[in-house]
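Input: a single structure, listed below in structure tokens.
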Amino acid sequence: MSKLTPLHAAHLAAGARMVDFAGWDMPVNYGSQIEEHHQVRRSAGMFDVSHMLALDLEGADARRYLRGLLANDVAKLSLPGKAIYSCMLNPSGGVIDDLIVYFFADDRYRIVVNAGTADKDVAWMRDRIARTGANVTLEARRDLAMIAVQGPEARQRTWQALPGAQAATEALKPFQAAESDGLLIARTGYTGEDGFELTIPAARAEAVWNALAAAGVAPCGLGARDTLRLEAGMNLYGQDMDDDTSPLDAGLAWTVDFSDEARQFVGREPLETNGARRRLLGLVLDGKGVLRAHMKVETEHGEGETTSGTFSPSLEKAIAIARLPLAVAPGETVQVDIRGRKVPATTVKPPFVRNGKALV
Amino acid sequence: MSNIPAELKYTKSHEWIRVEADGSLTIGITDHAQEALGDIVFLELPEAERDVDAGEAVAVIESVKAASDIYAPVAGTVLAHNEAAIDAPESVNSDAYAAWLFKLRPADGADLGALLDAAGYQSEIADA
């Protein structure tokens with residue numbers, strides 16, 4: 001039996017095509033995935049991301065606990081509402097999950113994790129609490145819904161839809177959040193566009209969704225979410241990295257904070273010992289076809305593999321994220337094996353598209 | 001509800017076939033198939049004069065989601081493919097029965113009787 005978000009009925013009413021995603025019955029599109037993609041790049045679209053799990057971490061040891069749990073360092077968070085992106089690593093340095101952690105106070109944080117890994121994450125976090133004896137409580141917030149409103153007009157239209165939201169959130173910089181009328185409104189997202197992610201009491205989710213729709217925000221499915229994040233060069237957990245992937249091999253070195261030498265976060269030692277062994281780069285296909293995950297890539301420096309691939313609606317070309325030998329640089333021509341056909345592609349440094357503009 | 005024209009023949013793998021007056025076959029994918037595939041972005045179609053077997057994978061349709069093989073409904077020789085569809089793959093989404101993919105001259109003795117009629121295809125996709 002699939003799990004349903006508080007917006008499930010709204011998706012069905014809007015004529016969504018539903019698919020199973022990590023055990024959740026989710027909209028993949030409401031008609032055309034490509035139109036939804038363009039809607040986000042050109043004006044504003046919204047995604048039900050209530051399948052992701054919000055967790056509240058509270059207690060005197062919260063900060064210390066997170067500094068040991070996460071590869072990024074929450075010590076850099078001092079402004080209430082400020083957030084960072086981080087990987088949570090296993091002792092071998094592989095990625096258990098990637099997540100966003102919001103700081104409210106030294107003893108109070110909100111963590112948002114992926115749907116497919118939520119059970120594994122919570123088990124790991126609870127195990128760490130038990131093992132470290134940290135004085136914290138961890139509460140899973142399945143009473144909340146989440147809506148991502150994304151696009152160049154996303155903030156404006158959110159303000160139109162939610163009275164009072166403008167005053168509370170106008171000054172927010174990227175990766176900052178503020179409360180307004182019982183909602184947590186964060187200037188974050190997963191599309192490469194400006195926008196907000198709204199965390200809403202489940203009972204109010206549909207009313208907020210409908211108010212956004214009335215303000216001209218188009219419902220968008222997981223299909224468009226995937227092409228948007230890929231163009232933005234953002235990793236997808238389970239596809240571009242997983243329990244066996246080092247963040248240093250997945251283009252996520254910028255999220256691993258080694259600066260405090262005394263901070264012994266889980267996975268630090270293997271990362272420092274091994275360093276980066278692969279390089280994550282983008283591919284733009286020069287020949288015909290569409291790139292997909294797990295295609296073999298031949299380079300002058302050895303073989304690699306695509307981890308995600310799609311047709312980019314913004315560039316109207318096939319693009320991919322690939323894990324390649326370290327020596328490969330942007331601007332090189334490589335050969336991708338598309339079902340037995342060798343097709344040339346050019347390596348680029350992601351993102352491919354950001355804030356509506358092609359960067360490659 | 002999918003559109004399933006009564007005058008066409010169908011396969012279980014979601015191709016439609018129109019038997020032309022000269023006995024040649026025009027082949028595309030059904031409305032049901034295009035809807036399941038989502039936005040179509042790339043077509044790889046067989047070249048004229050290629051001999052194909054019944055059930056052989058002869059074309060590839062790539063949607064934003066995935067790549068799907070298209071099969072020859074019967075043995076025969078490819079007469080032509082639709083250049084206009086290659087240039088505008090989204091035309092398969094907007095009208096799957098107008099945007100044909102390739103034409104085939106059936107081999108001698110090719111068995112057209114095994115193809116489904118509209119009612120047969122309707123019950124095929126209703127079971128799925």
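Residue names in the structure tokens use chain letters A, B, ... in the order shown, residue numbers from 1 in each chain, and ligand numbers from 1 in the order shown.
Omitting Arg63 in chain A and its sequence neighbours fewer than 3 positions away, and counting only C-alpha atoms, the residues within 12 Å are Leu57, Glu58, Gly59, Ala60, Leu66, Arg67, Gly68, Leu69, Leu70, Asp73, Val74, Ala75, Lys76, Leu77, Ser78, Val101, Tyr102, Phe103, Phe104, Ala105, Asp106, Asp107, Arg108, Tyr109, Arg110, Ala134, Asn135 and Val136 of chain A.
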Please write the residues from the selection above to a file, keeping N, CA and C atoms, as a PDB file, in the first residue's frame.
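Saved the output as selection-v1.pdb:
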ATOM      1  N   LEU A  57      15.359  18.099  15.985  1.00  0.00           N
ATOM      2  CA  LEU A  57      16.388  17.671  16.930  1.00  0.00           C
ATOM      3  C   LEU A  57      16.498  18.738  18.013  1.00  0.00           C
ATOM      4  N   GLU A  58      16.282  18.330  19.247  1.00  0.00           N
ATOM      5  CA  GLU A  58      16.323  19.292  20.351  1.00  0.00           C
ATOM      6  C   GLU A  58      17.094  18.729  21.519  1.00  0.00           C
ATOM      7  N   GLY A  59      17.729  19.614  22.254  1.00  0.00           N
ATOM      8  CA  GLY A  59      18.422  19.191  23.476  1.00  0.00           C
ATOM      9  C   GLY A  59      19.748  19.907  23.622  1.00  0.00           C
ATOM     10  N   ALA A  60      20.267  19.840  24.821  1.00  0.00           N
ATOM     11  CA  ALA A  60      21.482  20.581  25.165  1.00  0.00           C
ATOM     12  C   ALA A  60      22.666  20.187  24.288  1.00  0.00           C
ATOM     13  N   LEU A  66      25.358  17.060  16.137  1.00  0.00           N
ATOM     14  CA  LEU A  66      25.355  17.268  14.677  1.00  0.00           C
ATOM     15  C   LEU A  66      26.774  17.466  14.143  1.00  0.00           C
ATOM     16  N   ARG A  67      27.637  18.056  14.957  1.00  0.00           N
ATOM     17  CA  ARG A  67      29.023  18.250  14.501  1.00  0.00           C
ATOM     18  C   ARG A  67      29.737  16.903  14.334  1.00  0.00           C
ATOM     19  N   GLY A  68      29.292  15.876  15.048  1.00  0.00           N
ATOM     20  CA  GLY A  68      29.856  14.544  14.880  1.00  0.00           C
ATOM     21  C   GLY A  68      29.138  13.737  13.816  1.00  0.00           C
ATOM     22  N   LEU A  69      27.875  14.088  13.562  1.00  0.00           N
ATOM     23  CA  LEU A  69      27.030  13.302  12.647  1.00  0.00           C
ATOM     24  C   LEU A  69      27.250  13.680  11.188  1.00  0.00           C
ATOM     25  N   LEU A  70      27.495  14.978  10.933  1.00  0.00           N
ATOM     26  CA  LEU A  70      27.437  15.490   9.556  1.00  0.00           C
ATOM     27  C   LEU A  70      28.820  15.899   9.026  1.00  0.00           C
ATOM     28  N   ASP A  73      29.742  21.421   8.699  1.00  0.00           N
ATOM     29  CA  ASP A  73      29.870  21.806  10.103  1.00  0.00           C
ATOM     30  C   ASP A  73      28.789  22.815  10.510  1.00  0.00           C
ATOM     31  N   VAL A  74      27.876  22.381  11.374  1.00  0.00           N
ATOM     32  CA  VAL A  74      26.799  23.273  11.811  1.00  0.00           C
ATOM     33  C   VAL A  74      27.327  24.433  12.667  1.00  0.00           C
ATOM     34  N   ALA A  75      28.593  24.367  13.034  1.00  0.00           N
ATOM     35  CA  ALA A  75      29.161  25.470  13.822  1.00  0.00           C
ATOM     36  C   ALA A  75      29.144  26.771  13.028  1.00  0.00           C
ATOM     37  N   LYS A  76      29.067  26.670  11.703  1.00  0.00           N
ATOM     38  CA  LYS A  76      29.028  27.898  10.901  1.00  0.00           C
ATOM     39  C   LYS A  76      27.644  28.546  10.891  1.00  0.00           C
ATOM     40  N   LEU A  77      26.676  27.901  11.543  1.00  0.00           N
ATOM     41  CA  LEU A  77      25.324  28.463  11.624  1.00  0.00           C
ATOM     42  C   LEU A  77      25.156  29.218  12.926  1.00  0.00           C
ATOM     43  N   SER A  78      24.926  30.518  12.835  1.00  0.00           N
ATOM     44  CA  SER A  78      24.710  31.273  14.072  1.00  0.00           C
ATOM     45  C   SER A  78      23.454  32.140  14.003  1.00  0.00           C
ATOM     46  N   VAL A 101      19.981  21.044   6.991  1.00  0.00           N
ATOM     47  CA  VAL A 101      19.758  21.250   8.424  1.00  0.00           C
ATOM     48  C   VAL A 101      19.584  22.750   8.674  1.00  0.00           C
ATOM     49  N   TYR A 102      18.492  23.075   9.371  1.00  0.00           N
ATOM     50  CA  TYR A 102      18.166  24.456   9.735  1.00  0.00           C
ATOM     51  C   TYR A 102      18.522  24.676  11.190  1.00  0.00           C
ATOM     52  N   PHE A 103      19.142  25.807  11.461  1.00  0.00           N
ATOM     53  CA  PHE A 103      19.506  26.188  12.821  1.00  0.00           C
ATOM     54  C   PHE A 103      18.453  27.151  13.373  1.00  0.00           C
ATOM     55  N   PHE A 104      17.916  26.834  14.547  1.00  0.00           N
ATOM     56  CA  PHE A 104      17.035  27.790  15.230  1.00  0.00           C
ATOM     57  C   PHE A 104      17.699  28.311  16.504  1.00  0.00           C
ATOM     58  N   ALA A 105      18.377  27.394  17.208  1.00  0.00           N
ATOM     59  CA  ALA A 105      19.132  27.747  18.417  1.00  0.00           C
ATOM     60  C   ALA A 105      20.130  26.609  18.632  1.00  0.00           C
ATOM     61  N   ASP A 106      21.108  26.827  19.501  1.00  0.00           N
ATOM     62  CA  ASP A 106      22.122  25.796  19.714  1.00  0.00           C
ATOM     63  C   ASP A 106      21.525  24.477  20.183  1.00  0.00           C
ATOM     64  N   ASP A 107      20.313  24.536  20.746  1.00  0.00           N
ATOM     65  CA  ASP A 107      19.678  23.299  21.204  1.00  0.00           C
ATOM     66  C   ASP A 107      18.446  22.943  20.369  1.00  0.00           C
ATOM     67  N   ARG A 108      18.343  23.535  19.162  1.00  0.00           N
ATOM     68  CA  ARG A 108      17.131  23.275  18.375  1.00  0.00           C
ATOM     69  C   ARG A 108      17.430  23.389  16.873  1.00  0.00           C
ATOM     70  N   TYR A 109      17.287  22.273  16.168  1.00  0.00           N
ATOM     71  CA  TYR A 109      17.543  22.218  14.727  1.00  0.00           C
ATOM     72  C   TYR A 109      16.401  21.478  14.032  1.00  0.00           C
ATOM     73  N   ARG A 110      16.244  21.762  12.762  1.00  0.00           N
ATOM     74  CA  ARG A 110      15.316  21.011  11.902  1.00  0.00           C
ATOM     75  C   ARG A 110      16.152  20.384  10.786  1.00  0.00           C
ATOM     76  N   ALA A 134      24.288  11.360  23.685  1.00  0.00           N
ATOM     77  CA  ALA A 134      23.963  12.788  23.560  1.00  0.00           C
ATOM     78  C   ALA A 134      22.608  13.083  24.192  1.00  0.00           C
ATOM     79  N   ASN A 135      22.547  14.214  24.857  1.00  0.00           N
ATOM     80  CA  ASN A 135      21.295  14.654  25.472  1.00  0.00           C
ATOM     81  C   ASN A 135      20.461  15.389  24.423  1.00  0.00           C
ATOM     82  N   VAL A 136      19.800  14.610  23.551  1.00  0.00           N
ATOM     83  CA  VAL A 136      18.955  15.188  22.502  1.00  0.00           C
ATOM     84  C   VAL A 136      17.735  14.303  22.294  1.00  0.00           C
TER      85      VAL A 136
END
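Using only C-alpha atoms, the residues found no farther than 10 Å from Gly287 in chain A, other than those of its own chain fewer than 3 positions away, are Val284, Val290, Lys317, Ala318, Gln335, Val336, Lys342, Val343, Pro344 and Ala345 of chain A.
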Query - All strand (DSSP E) residues (DSSP, backbone) inside range 80-110 of chain B, as a PyMOL selection string - result: chain B and resi 80-81+102-106
Take the residues from that selection and put them in a file with C-alpha atoms, as a PDB file, in the first residue's frame.
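Written file, out.pdb:
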ATOM      1  CA  ALA B  80      10.581   4.800 -45.737  1.00  0.00           C
ATOM      2  CA  HIS B  81      10.668   6.506 -42.367  1.00  0.00           C
ATOM      3  CA  PHE B 102       7.941   3.934 -40.810  1.00  0.00           C
ATOM      4  CA  LYS B 103       6.420   2.100 -43.752  1.00  0.00           C
ATOM      5  CA  LEU B 104       6.954  -1.563 -44.429  1.00  0.00           C
ATOM      6  CA  ARG B 105       6.374  -3.839 -47.419  1.00  0.00           C
ATOM      7  CA  PRO B 106       5.379  -7.159 -45.812  1.00  0.00           C
TER       8      PRO B 106
END
Requested in this report: Give the residues of chain B that lie within 7 Å of chain A; count only C-alpha atoms, and format the answer as a PyMOL selection string.
Outcome: chain B and resi 39+42+62+64
Tell me which protein, DNA and RNA residues are within 12 Å of Ala88 in chain B, counting only C-alpha atoms, leaving out same-chain ones fewer than 3 positions away, and put them as a compact mmCIF listing (two decimals) with N, CA and C atoms, in the first residue's frame.
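Final output, saved to selection_12.txt:
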# COMPACT_ATOMS: atom_id res chain seq x y z
N ASP B 39 6.61 13.00 -22.60
CA ASP B 39 7.13 13.85 -23.67
C ASP B 39 8.22 13.14 -24.48
N ILE B 40 7.97 13.00 -25.77
CA ILE B 40 8.91 12.31 -26.65
C ILE B 40 9.89 13.32 -27.23
N VAL B 41 11.18 13.00 -27.14
CA VAL B 41 12.21 13.98 -27.49
C VAL B 41 13.17 13.49 -28.58
N PHE B 42 13.14 12.22 -28.90
CA PHE B 42 14.09 11.71 -29.89
C PHE B 42 13.58 10.42 -30.50
N LEU B 43 13.73 10.32 -31.84
CA LEU B 43 13.34 9.10 -32.55
C LEU B 43 14.52 8.57 -33.35
N ASN B 82 9.65 8.42 -41.35
CA ASN B 82 9.02 9.74 -41.34
C ASN B 82 10.02 10.80 -40.85
N GLU B 83 10.63 11.51 -41.80
CA GLU B 83 11.61 12.56 -41.46
C GLU B 83 10.97 13.66 -40.62
N ALA B 84 9.72 13.97 -40.94
CA ALA B 84 9.04 15.06 -40.22
C ALA B 84 8.90 14.72 -38.74
N ALA B 85 8.68 13.44 -38.44
CA ALA B 85 8.56 13.03 -37.04
C ALA B 85 9.90 13.11 -36.33
N SER B 91 5.44 15.61 -32.11
CA SER B 91 4.23 15.36 -32.91
C SER B 91 3.64 13.99 -32.60
N VAL B 92 4.46 13.05 -32.12
CA VAL B 92 3.93 11.73 -31.73
C VAL B 92 3.04 11.87 -30.50
N ASN B 93 3.37 12.80 -29.62
CA ASN B 93 2.51 13.06 -28.46
C ASN B 93 1.21 13.75 -28.88
N SER B 94 1.33 14.71 -29.80
CA SER B 94 0.13 15.51 -30.10
C SER B 94 -0.85 14.74 -30.97
N ASP B 95 -0.37 13.88 -31.87
CA ASP B 95 -1.29 13.04 -32.65
C ASP B 95 -0.57 11.77 -33.07
N ALA B 99 1.32 10.98 -36.76
CA ALA B 99 2.79 10.93 -36.79
C ALA B 99 3.25 9.49 -36.94
N TRP B 100 3.16 8.98 -38.18
CA TRP B 100 3.62 7.62 -38.43
C TRP B 100 5.14 7.57 -38.30
N LEU B 101 5.70 6.37 -38.09
CA LEU B 101 7.14 6.25 -37.88
C LEU B 101 7.85 5.65 -39.09
Query raised in the report: Excluding same-chain residues fewer than 6 positions from range 98-100 of chain A, what lies within 9 Å of it counting only C-alpha atoms, as an MDAnalysis selection string?
Result: chainID A and resid 83:89 110:114 236:237
